[in-house]
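Structure file run15.cif with mmCIF, C-alpha atoms; chains and numbers go by the auth columns:
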data_my_file
loop_
_atom_site.group_PDB
_atom_site.id
_atom_site.type_symbol
_atom_site.label_atom_id
_atom_site.label_comp_id
_atom_site.label_asym_id
_atom_site.label_seq_id
_atom_site.Cartn_x
_atom_site.Cartn_y
_atom_site.Cartn_z
_atom_site.B_iso_or_equiv
_atom_site.auth_seq_id
_atom_site.auth_asym_id
ATOM 1 C CA MET A 1 -15.394 -27.774 0.282 0.00 1333 A
ATOM 2 C CA PRO A 2 -18.350 -29.154 2.175 0.00 1334 A
ATOM 3 C CA ASP A 3 -17.219 -27.940 5.627 0.00 1335 A
ATOM 4 C CA ILE A 4 -17.022 -24.284 4.592 0.00 1336 A
ATOM 5 C CA GLU A 5 -19.926 -22.063 5.501 0.00 1337 A
ATOM 6 C CA PRO A 6 -21.753 -20.237 2.695 0.00 1338 A
ATOM 7 C CA SER A 7 -20.486 -16.860 3.897 0.00 1339 A
ATOM 8 C CA GLU A 8 -16.900 -18.104 3.805 0.00 1340 A
ATOM 9 C CA GLN A 9 -17.458 -19.499 0.314 0.00 1341 A
ATOM 10 C CA GLN A 10 -18.752 -16.082 -0.711 0.00 1342 A
ATOM 11 C CA SER A 11 -15.646 -14.528 0.802 0.00 1343 A
ATOM 12 C CA LEU A 12 -13.309 -16.876 -1.093 0.00 1344 A
ATOM 13 C CA HIS A 13 -15.216 -16.183 -4.300 0.00 1345 A
ATOM 14 C CA PHE A 14 -14.925 -12.446 -3.660 0.00 1346 A
ATOM 15 C CA VAL A 15 -11.170 -12.688 -2.972 0.00 1347 A
ATOM 16 C CA ASP A 16 -10.668 -14.793 -6.120 0.00 1348 A
ATOM 17 C CA LYS A 17 -12.463 -12.126 -8.157 0.00 1349 A
ATOM 18 C CA LEU A 18 -10.329 -9.461 -6.479 0.00 1350 A
ATOM 19 C CA PHE A 19 -7.127 -11.301 -7.435 0.00 1351 A
ATOM 20 C CA GLY A 20 -8.437 -11.864 -10.940 0.00 1352 A
ATOM 21 C CA ALA A 21 -8.767 -8.106 -11.339 0.00 1353 A
ATOM 22 C CA ALA A 22 -5.058 -7.700 -10.533 0.00 1354 A
ATOM 23 C CA GLN A 23 -3.705 -7.308 -14.038 0.00 1355 A
ATOM 24 C CA ALA A 24 -0.894 -5.190 -15.348 0.00 1356 A
ATOM 25 C CA SER A 25 -3.400 -3.270 -17.466 0.00 1357 A
ATOM 26 C CA ALA A 26 -5.020 -2.052 -14.230 0.00 1358 A
ATOM 27 C CA VAL A 27 -1.795 -0.246 -13.332 0.00 1359 A
ATOM 28 C CA PHE A 28 -0.886 1.216 -16.721 0.00 1360 A
ATOM 29 C CA SER A 29 -3.305 3.452 -18.574 0.00 1361 A
ATOM 30 C CA ALA A 30 -4.035 3.267 -22.261 0.00 1362 A
ATOM 31 C CA PRO A 31 -1.448 5.240 -24.254 0.00 1363 A
ATOM 32 C CA VAL A 32 -2.461 8.749 -25.246 0.00 1364 A
ATOM 33 C CA THR A 33 -0.764 10.078 -28.378 0.00 1365 A
ATOM 34 C CA THR A 34 -0.527 13.777 -29.153 0.00 1366 A
ATOM 35 C CA GLY A 35 1.680 14.783 -32.035 0.00 1367 A
ATOM 36 C CA ALA A 36 5.034 13.065 -31.713 0.00 1368 A
ATOM 37 C CA TYR A 37 4.528 12.203 -28.049 0.00 1369 A
ATOM 38 C CA THR A 38 2.850 9.214 -26.430 0.00 1370 A
ATOM 39 C CA VAL A 39 2.054 9.304 -22.708 0.00 1371 A
ATOM 40 C CA ILE A 40 1.268 6.347 -20.432 0.00 1372 A
ATOM 41 C CA THR A 41 0.313 6.839 -16.783 0.00 1373 A
ATOM 42 C CA ALA A 42 1.522 4.285 -14.235 0.00 1374 A
ATOM 43 C CA SER A 43 -0.516 4.108 -11.045 0.00 1375 A
ATOM 44 C CA GLU A 44 -0.421 2.203 -7.805 0.00 1376 A
ATOM 45 C CA VAL A 45 -3.682 0.344 -7.126 0.00 1377 A
ATOM 46 C CA GLN A 46 -4.895 -1.091 -3.840 0.00 1378 A
ATOM 47 C CA ALA A 47 -8.084 -3.032 -3.205 0.00 1379 A
ATOM 48 C CA GLY A 48 -9.371 -4.975 -0.255 0.00 1380 A
ATOM 49 C CA GLY A 49 -12.432 -6.284 1.421 0.00 1381 A
ATOM 50 C CA GLY A 50 -13.777 -8.551 4.102 0.00 1382 A
ATOM 51 C CA PHE A 51 -16.799 -10.400 5.333 0.00 1383 A
ATOM 52 C CA GLY A 52 -18.038 -11.277 8.763 0.00 1384 A
ATOM 53 C CA SER A 53 -20.933 -13.156 10.233 0.00 1385 A
ATOM 54 C CA GLY A 54 -22.209 -14.207 13.592 0.00 1386 A
ATOM 55 C CA HIS A 55 -25.106 -15.926 15.237 0.00 1387 A
ATOM 56 C CA GLY A 56 -26.254 -16.702 18.727 0.00 1388 A
ATOM 57 C CA PHE A 57 -28.874 -18.610 20.681 0.00 1389 A
ATOM 58 C CA GLY A 58 -30.284 -18.136 24.105 0.00 1390 A
ATOM 59 C CA PRO A 59 -33.369 -17.877 26.213 0.00 1391 A
ATOM 60 C CA ALA A 60 -35.950 -15.679 24.584 0.00 1392 A
ATOM 61 C CA SER A 61 -37.301 -14.214 27.776 0.00 1393 A
ATOM 62 C CA ASN A 62 -36.137 -14.104 31.377 0.00 1394 A
ATOM 63 C CA ASP A 63 -39.663 -13.376 32.526 0.00 1395 A
ATOM 64 C CA ALA A 64 -40.936 -16.720 33.935 0.00 1396 A
ATOM 65 C CA THR A 65 -44.507 -15.454 34.164 0.00 1397 A
ATOM 66 C CA ASP A 66 -44.710 -14.829 30.413 0.00 1398 A
ATOM 67 C CA ASP A 67 -46.162 -18.129 29.153 0.00 1399 A
ATOM 68 C CA ALA A 68 -46.540 -16.874 25.589 0.00 1400 A
ATOM 69 C CA ALA A 69 -42.797 -16.376 25.130 0.00 1401 A
ATOM 70 C CA PRO A 70 -40.897 -19.175 23.378 0.00 1402 A
ATOM 71 C CA ALA A 71 -38.439 -21.222 25.422 0.00 1403 A
ATOM 72 C CA SER A 72 -35.478 -20.208 23.348 0.00 1404 A
ATOM 73 C CA GLY A 73 -34.530 -18.009 20.433 0.00 1405 A
ATOM 74 C CA GLY A 74 -31.693 -17.146 18.178 0.00 1406 A
ATOM 75 C CA GLY A 75 -30.480 -14.715 15.648 0.00 1407 A
ATOM 76 C CA GLY A 76 -27.686 -14.036 13.252 0.00 1408 A
ATOM 77 C CA GLY A 77 -26.315 -11.632 10.771 0.00 1409 A
ATOM 78 C CA SER A 78 -23.572 -11.045 8.327 0.00 1410 A
ATOM 79 C CA GLY A 79 -21.978 -8.151 6.537 0.00 1411 A
ATOM 80 C CA GLY A 80 -19.096 -7.120 4.460 0.00 1412 A
ATOM 81 C CA GLY A 81 -17.307 -4.242 2.944 0.00 1413 A
ATOM 82 C CA GLY A 82 -14.505 -3.279 0.693 0.00 1414 A
ATOM 83 C CA GLY A 83 -12.763 -0.499 -1.086 0.00 1415 A
ATOM 84 C CA SER A 84 -10.098 0.404 -3.543 0.00 1416 A
ATOM 85 C CA SER A 85 -7.811 3.312 -4.238 0.00 1417 A
ATOM 86 C CA GLY A 86 -5.315 4.361 -6.835 0.00 1418 A
ATOM 87 C CA ARG A 87 -2.522 6.910 -7.048 0.00 1419 A
ATOM 88 C CA PRO A 88 -0.448 7.965 -10.052 0.00 1420 A
ATOM 89 C CA VAL A 89 3.209 7.097 -9.551 0.00 1421 A
ATOM 90 C CA ALA A 90 4.899 8.047 -12.794 0.00 1422 A
ATOM 91 C CA VAL A 91 4.358 9.068 -16.375 0.00 1423 A
ATOM 92 C CA ILE A 92 6.069 7.257 -19.229 0.00 1424 A
ATOM 93 C CA VAL A 93 6.725 9.665 -22.072 0.00 1425 A
ATOM 94 C CA VAL A 94 7.691 8.369 -25.492 0.00 1426 A
ATOM 95 C CA GLY A 95 8.933 11.119 -27.754 0.00 1427 A
ATOM 96 C CA PRO A 96 11.453 11.911 -30.449 0.00 1428 A
ATOM 97 C CA ASP A 97 14.221 11.827 -27.824 0.00 1429 A
ATOM 98 C CA GLY A 98 13.320 8.317 -26.693 0.00 1430 A
ATOM 99 C CA VAL A 99 11.567 6.987 -23.596 0.00 1431 A
ATOM 100 C CA ALA A 100 11.570 8.839 -20.275 0.00 1432 A
ATOM 101 C CA VAL A 101 10.001 7.822 -16.969 0.00 1433 A
ATOM 102 C CA LYS A 102 8.991 10.943 -15.051 0.00 1434 A
ATOM 103 C CA PRO A 103 8.034 10.345 -11.399 0.00 1435 A
ATOM 104 C CA ILE A 104 4.984 12.111 -9.944 0.00 1436 A
ATOM 105 C CA PHE A 105 5.440 13.666 -6.509 0.00 1437 A
ATOM 106 C CA ASP A 106 2.236 13.865 -4.476 0.00 1438 A
ATOM 107 C CA LEU A 107 2.946 16.844 -2.203 0.00 1439 A
ATOM 108 C CA THR A 108 -0.367 16.567 -0.322 0.00 1440 A
ATOM 109 C CA LYS A 109 0.160 12.900 0.541 0.00 1441 A
ATOM 110 C CA PHE A 110 3.760 13.567 1.568 0.00 1442 A
ATOM 111 C CA GLY A 111 2.782 16.602 3.648 0.00 1443 A
ATOM 112 C CA LEU A 112 0.042 14.739 5.479 0.00 1444 A
ATOM 113 C CA ALA A 113 2.383 11.822 6.223 0.00 1445 A
ATOM 114 C CA ALA A 114 5.119 14.180 7.460 0.00 1446 A
ATOM 115 C CA LEU A 115 2.744 16.147 9.704 0.00 1447 A
ATOM 116 C CA THR A 116 1.279 12.952 11.152 0.00 1448 A
ATOM 117 C CA THR A 117 4.729 11.496 11.824 0.00 1449 A
ATOM 118 C CA TRP A 118 6.033 14.666 13.470 0.00 1450 A
ATOM 119 C CA ALA A 119 2.892 15.072 15.572 0.00 1451 A
ATOM 120 C CA ALA A 120 3.078 11.471 16.763 0.00 1452 A
ATOM 121 C CA MET A 121 6.764 11.800 17.654 0.00 1453 A
ATOM 122 C CA ALA A 122 6.193 15.138 19.407 0.00 1454 A
ATOM 123 C CA ALA A 123 3.329 13.652 21.434 0.00 1455 A
ATOM 124 C CA THR A 124 5.523 10.672 22.391 0.00 1456 A
ATOM 125 C CA LEU A 125 8.392 12.929 23.483 0.00 1457 A
ATOM 126 C CA VAL A 126 6.098 15.187 25.529 0.00 1458 A
ATOM 127 C CA ARG A 127 4.527 12.164 27.228 0.00 1459 A
ATOM 128 C CA MET A 128 7.949 10.724 28.029 0.00 1460 A
ATOM 129 C CA ARG A 129 9.131 14.034 29.531 0.00 1461 A
ATOM 130 C CA ARG A 130 6.033 14.274 31.702 0.00 1462 A
ATOM 131 C CA ALA A 131 6.305 10.688 32.934 0.00 1463 A
ATOM 132 C CA PRO A 132 7.579 10.391 36.541 0.00 1464 A
ATOM 133 C CA ARG A 133 11.170 9.141 36.809 0.00 1465 A
ATOM 134 C CA MET B 1 -3.639 -21.842 -0.165 0.00 440 B
ATOM 135 C CA ARG B 2 -0.859 -19.360 0.614 0.00 441 B
ATOM 136 C CA VAL B 3 -1.795 -16.350 2.711 0.00 442 B
ATOM 137 C CA VAL B 4 0.625 -13.929 1.044 0.00 443 B
ATOM 138 C CA GLN B 5 1.352 -14.198 -2.660 0.00 444 B
ATOM 139 C CA THR B 6 3.641 -12.053 -4.794 0.00 445 B
ATOM 140 C CA ARG B 7 4.043 -12.143 -8.539 0.00 446 B
ATOM 141 C CA THR B 8 5.315 -9.994 -11.388 0.00 447 B
ATOM 142 C CA LEU B 9 2.943 -9.223 -14.232 0.00 448 B
ATOM 143 C CA GLN B 10 3.688 -7.992 -17.726 0.00 449 B
ATOM 144 C CA ALA B 11 1.116 -5.947 -19.589 0.00 450 B
ATOM 145 C CA ARG B 12 0.437 -6.219 -23.292 0.00 451 B
ATOM 146 C CA PRO B 13 3.303 -4.524 -25.179 0.00 452 B
ATOM 147 C CA ILE B 14 2.666 -1.002 -26.466 0.00 453 B
ATOM 148 C CA VAL B 15 4.117 -0.062 -29.828 0.00 454 B
ATOM 149 C CA ALA B 16 5.034 3.601 -30.273 0.00 455 B
ATOM 150 C CA GLY B 17 6.844 4.221 -33.527 0.00 456 B
ATOM 151 C CA ALA B 18 9.850 1.926 -33.667 0.00 457 B
ATOM 152 C CA LEU B 19 9.736 1.335 -29.919 0.00 458 B
ATOM 153 C CA ARG B 20 8.071 -1.570 -28.191 0.00 459 B
ATOM 154 C CA LEU B 21 7.279 -0.974 -24.513 0.00 460 B
ATOM 155 C CA THR B 22 6.371 -3.742 -22.083 0.00 461 B
ATOM 156 C CA PRO B 23 5.183 -2.407 -18.704 0.00 462 B
ATOM 157 C CA GLU B 24 5.822 -4.554 -15.634 0.00 463 B
ATOM 158 C CA SER B 25 4.064 -4.485 -12.293 0.00 464 B
ATOM 159 C CA ARG B 26 4.349 -6.288 -8.975 0.00 465 B
ATOM 160 C CA VAL B 27 1.339 -7.688 -7.135 0.00 466 B
ATOM 161 C CA VAL B 28 1.172 -8.502 -3.442 0.00 467 B
ATOM 162 C CA ALA B 29 -1.996 -10.347 -2.478 0.00 468 B
ATOM 163 C CA VAL B 30 -3.077 -11.300 1.026 0.00 469 B
ATOM 164 C CA ARG B 31 -5.773 -13.954 1.322 0.00 470 B
ATOM 165 C CA LEU B 32 -7.540 -14.366 4.623 0.00 471 B
ATOM 166 C CA PRO B 33 -10.463 -16.670 5.463 0.00 472 B
ATOM 167 C CA PHE B 34 -12.878 -13.746 5.547 0.00 473 B
ATOM 168 C CA GLY B 35 -11.356 -11.285 3.134 0.00 474 B
ATOM 169 C CA GLY B 36 -8.196 -10.132 1.532 0.00 475 B
ATOM 170 C CA LEU B 37 -6.352 -7.312 -0.123 0.00 476 B
ATOM 171 C CA VAL B 38 -4.385 -6.725 -3.288 0.00 477 B
ATOM 172 C CA TRP B 39 -1.611 -4.166 -3.684 0.00 478 B
ATOM 173 C CA GLN B 40 -0.330 -3.629 -7.189 0.00 479 B
ATOM 174 C CA ARG B 41 2.389 -1.177 -8.167 0.00 480 B
ATOM 175 C CA PRO B 42 4.299 -0.474 -11.364 0.00 481 B
ATOM 176 C CA THR B 43 7.952 -1.518 -11.254 0.00 482 B
ATOM 177 C CA ALA B 44 9.505 -1.017 -14.678 0.00 483 B
ATOM 178 C CA VAL B 45 9.044 -0.625 -18.378 0.00 484 B
ATOM 179 C CA VAL B 46 11.074 -2.729 -20.791 0.00 485 B
ATOM 180 C CA VAL B 47 12.032 -0.815 -23.949 0.00 486 B
ATOM 181 C CA GLU B 48 12.870 -2.780 -27.072 0.00 487 B
ATOM 182 C CA GLN B 49 14.165 -1.061 -30.182 0.00 488 B
ATOM 183 C CA PRO B 50 15.470 -2.672 -33.353 0.00 489 B
ATOM 184 C CA GLY B 51 19.263 -2.546 -33.468 0.00 490 B
ATOM 185 C CA VAL B 52 19.527 -1.312 -29.860 0.00 491 B
ATOM 186 C CA ALA B 53 19.992 -3.376 -26.722 0.00 492 B
ATOM 187 C CA THR B 54 16.842 -3.910 -24.654 0.00 493 B
ATOM 188 C CA ARG B 55 16.626 -1.470 -21.741 0.00 494 B
ATOM 189 C CA ARG B 56 14.708 -1.820 -18.505 0.00 495 B
ATOM 190 C CA LEU B 57 13.690 1.544 -17.045 0.00 496 B
ATOM 191 C CA PRO B 58 12.697 1.305 -13.376 0.00 497 B
ATOM 192 C CA ILE B 59 9.647 3.222 -12.162 0.00 498 B
ATOM 193 C CA ILE B 60 10.452 4.969 -8.900 0.00 499 B
ATOM 194 C CA ASP B 61 7.709 5.924 -6.462 0.00 500 B
ATOM 195 C CA LEU B 62 9.088 9.279 -5.335 0.00 501 B
ATOM 196 C CA THR B 63 6.233 10.006 -2.921 0.00 502 B
ATOM 197 C CA ARG B 64 6.654 6.664 -1.110 0.00 503 B
ATOM 198 C CA ARG B 65 10.418 7.133 -0.850 0.00 504 B
ATOM 199 C CA ALA B 66 9.987 10.651 0.560 0.00 505 B
ATOM 200 C CA GLN B 67 7.445 9.360 3.097 0.00 506 B
ATOM 201 C CA LEU B 68 9.793 6.587 4.227 0.00 507 B
ATOM 202 C CA GLY B 69 12.655 9.087 4.401 0.00 508 B
ATOM 203 C CA VAL B 70 10.687 11.417 6.659 0.00 509 B
ATOM 204 C CA LEU B 71 9.601 8.504 8.847 0.00 510 B
ATOM 205 C CA LEU B 72 13.128 7.135 9.161 0.00 511 B
ATOM 206 C CA GLY B 73 14.628 10.595 9.724 0.00 512 B
ATOM 207 C CA THR B 74 12.096 11.426 12.427 0.00 513 B
ATOM 208 C CA VAL B 75 12.684 8.116 14.219 0.00 514 B
ATOM 209 C CA VAL B 76 16.472 8.584 14.129 0.00 515 B
ATOM 210 C CA LEU B 77 16.158 12.202 15.322 0.00 516 B
ATOM 211 C CA THR B 78 13.843 11.168 18.148 0.00 517 B
ATOM 212 C CA VAL B 79 16.176 8.381 19.285 0.00 518 B
ATOM 213 C CA VAL B 80 19.148 10.769 19.248 0.00 519 B
ATOM 214 C CA CYS B 81 17.164 13.349 21.257 0.00 520 B
ATOM 215 C CA LEU B 82 16.167 10.691 23.793 0.00 521 B
ATOM 216 C CA ILE B 83 19.768 9.489 24.168 0.00 522 B
ATOM 217 C CA VAL B 84 21.050 13.039 24.644 0.00 523 B
ATOM 218 C CA ALA B 85 18.275 13.869 27.124 0.00 524 B
ATOM 219 C CA SER B 86 18.846 10.697 29.165 0.00 525 B
ATOM 220 C CA HIS B 87 22.468 11.651 29.982 0.00 526 B
ATOM 221 C CA PRO B 88 22.764 13.847 33.095 0.00 527 B
ATOM 222 C CA GLN B 89 24.068 17.308 32.356 0.00 528 B
ATOM 223 C CA GLU B 90 27.464 18.143 33.844 0.00 529 B
ATOM 224 C CA SER B 91 27.478 20.908 36.424 0.00 530 B
ATOM 225 C CA TYR B 92 30.268 23.399 36.393 0.00 531 B
ATOM 226 C CA ALA B 93 31.385 24.764 39.707 0.00 532 B
ATOM 227 C CA VAL B 94 32.751 28.265 39.799 0.00 533 B
ATOM 228 C CA HIS B 95 36.003 28.446 41.723 0.00 534 B
ATOM 229 C CA ALA B 96 36.840 31.810 43.076 0.00 535 B
#
Translate the structure of the given file into structure tokens.
Amino acid sequence: MPDIEPSEQQSLHFVDKLFGAAQASAVFSAPVTTGAYTVITASEVQAGGGFGSGHGFGPASNDATDDAAPASGGGGGSGGGGGSSGRPVAVIVVGPDGVAVKPIFDLTKFGLAALTTWAAMAATLVRMRRAPR
Amino acid sequence: MRVVQTRTLQARPIVAGALRLTPESRVVAVRLPFGGLVWQRPTAVVVEQPGVATRRLPIIDLTRRAQLGVLLGTVVLTVVCLIVASHPQESYAVHA
């Protein structure tokens, strides 16, 4: 890929590594056995990242009397960032009675989502009522 | 190079007693020129037992379903409220 800039190559390499990390073992924990029971945690995993770069050229100085200033100049920069998060979704329990999948309910996440949704809808309704007809 | 890719992955089987469990997960990957994201979630566990038919137990994300339910319910409720509020209220005249 000769026409791809180094930063973009880095980005593709980073994304390839990110996709390479997407394995089923990343979602399911190692089994933990206690007595007759074996427990496996199943989690949702999200990861992402991005890169950006820019450069520019222009006159170095608008002051015509400054003879020491160069006729033109330029600069550039690049940066990137990323993150990942995980959340347990269910627990797989293997016991004497067989296999059971027990879902995990995240009350905090649900409560925050519900409050945000209701607040947004309430704000929309109030704004619509106040709008001139 | 596809921008959005989805695939189903199977983890290494786990043997617990006479049971053989194969966890499955679903991956959604978005590739962009300057970045990307990967979303991976568990979907099911395949249970194999000698002498018993193979079972596939789905893994349900209860929190996500509850969130979507609240979102959908709130949107429907808001639309109903807007429809009711947009109709002019009937005035009742009192006849003596």
For this session: For the structure shown, which residues end up in the PyMOL selection byres ((chain B) within 8 of (chain A))? Put them as a ChimeraX atom specification, please?
Result: /B:448-451,453,455,462-464,466,468,470,472-481,486,496-503,505-506,509-510,513-514,517
Saved selection, atoms kept: C-alpha atoms, as a PDB file, keeping the file's coordinate frame:
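And here's part07.pdb as it stands now:
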ATOM      1  CA  LEU B 448       2.943  -9.223 -14.232  1.00  0.00           C
ATOM      2  CA  GLN B 449       3.688  -7.992 -17.726  1.00  0.00           C
ATOM      3  CA  ALA B 450       1.116  -5.947 -19.589  1.00  0.00           C
ATOM      4  CA  ARG B 451       0.437  -6.219 -23.292  1.00  0.00           C
ATOM      5  CA  ILE B 453       2.666  -1.002 -26.466  1.00  0.00           C
ATOM      6  CA  ALA B 455       5.034   3.601 -30.273  1.00  0.00           C
ATOM      7  CA  PRO B 462       5.183  -2.407 -18.704  1.00  0.00           C
ATOM      8  CA  GLU B 463       5.822  -4.554 -15.634  1.00  0.00           C
ATOM      9  CA  SER B 464       4.064  -4.485 -12.293  1.00  0.00           C
ATOM     10  CA  VAL B 466       1.339  -7.688  -7.135  1.00  0.00           C
ATOM     11  CA  ALA B 468      -1.996 -10.347  -2.478  1.00  0.00           C
ATOM     12  CA  ARG B 470      -5.773 -13.954   1.322  1.00  0.00           C
ATOM     13  CA  PRO B 472     -10.463 -16.670   5.463  1.00  0.00           C
ATOM     14  CA  PHE B 473     -12.878 -13.746   5.547  1.00  0.00           C
ATOM     15  CA  GLY B 474     -11.356 -11.285   3.134  1.00  0.00           C
ATOM     16  CA  GLY B 475      -8.196 -10.132   1.532  1.00  0.00           C
ATOM     17  CA  LEU B 476      -6.352  -7.312  -0.123  1.00  0.00           C
ATOM     18  CA  VAL B 477      -4.385  -6.725  -3.288  1.00  0.00           C
ATOM     19  CA  TRP B 478      -1.611  -4.166  -3.684  1.00  0.00           C
ATOM     20  CA  GLN B 479      -0.330  -3.629  -7.189  1.00  0.00           C
ATOM     21  CA  ARG B 480       2.389  -1.177  -8.167  1.00  0.00           C
ATOM     22  CA  PRO B 481       4.299  -0.474 -11.364  1.00  0.00           C
ATOM     23  CA  VAL B 486      12.032  -0.815 -23.949  1.00  0.00           C
ATOM     24  CA  LEU B 496      13.690   1.544 -17.045  1.00  0.00           C
ATOM     25  CA  PRO B 497      12.697   1.305 -13.376  1.00  0.00           C
ATOM     26  CA  ILE B 498       9.647   3.222 -12.162  1.00  0.00           C
ATOM     27  CA  ILE B 499      10.452   4.969  -8.900  1.00  0.00           C
ATOM     28  CA  ASP B 500       7.709   5.924  -6.462  1.00  0.00           C
ATOM     29  CA  LEU B 501       9.088   9.279  -5.335  1.00  0.00           C
ATOM     30  CA  THR B 502       6.233  10.006  -2.921  1.00  0.00           C
ATOM     31  CA  ARG B 503       6.654   6.664  -1.110  1.00  0.00           C
ATOM     32  CA  ALA B 505       9.987  10.651   0.560  1.00  0.00           C
ATOM     33  CA  GLN B 506       7.445   9.360   3.097  1.00  0.00           C
ATOM     34  CA  VAL B 509      10.687  11.417   6.659  1.00  0.00           C
ATOM     35  CA  LEU B 510       9.601   8.504   8.847  1.00  0.00           C
ATOM     36  CA  THR B 513      12.096  11.426  12.427  1.00  0.00           C
ATOM     37  CA  VAL B 514      12.684   8.116  14.219  1.00  0.00           C
ATOM     38  CA  THR B 517      13.843  11.168  18.148  1.00  0.00           C
TER      39      THR B 517
END
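Taking all atoms listed in the file into account, B:Val469 lies nearest to B:Val443 out of the set B:Val485, B:Val443, B:Val515, B:Cys520.
Between atom CA of B:Thr482 and atom CA of A:Ser1361 the separation is 14.3 Å.
When atom CA of B:Val518 is paired with atom CA of A:Arg1462, their separation reads 17.1 Å.
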Result set of the PyMOL selection byres ((chain B and resi 445) around 6) on the coordinates above, as a CSV table (one decimal) with C-alpha atoms, keeping the file's coordinate frame:
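Output below, filename expr_16.csv:
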chain,number,residue,atom,x,y,z
B,444,GLN,CA,1.4,-14.2,-2.7
B,446,ARG,CA,4.0,-12.1,-8.5
B,466,VAL,CA,1.3,-7.7,-7.1
B,467,VAL,CA,1.2,-8.5,-3.4
Exercise. Could you write out as a PyMOL selection string the residues that the PyMOL selection byres ((chain A and resi 1408) around 9) matches in the shown file?
Worked result: chain A and resi 1385-1389+1406-1407+1409-1410
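For the atom pair formed by atom CA of B:Thr447 and atom CA of B:Gly508, the distance is 25.8 Å, given to one decimal.
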Given 3 Å on each side, where is the centre and what are the edge lengths in Å to one decimal of the axis-aligned box enclosing the listed atoms of stretch 481-497 of chain B, as lines of an AutoDock Vina configuration file?
center_x = 12.1
center_y = -1.2
center_z = -22.4
size_x = 21.7
size_y = 11.5
size_z = 28.2
For this session: Counting all atoms listed in the file, figure out which residue out of B:Leu471, B:Arg459, B:Ile522, B:Val442 gets nearest to B:Val484.
Result: B:Arg459
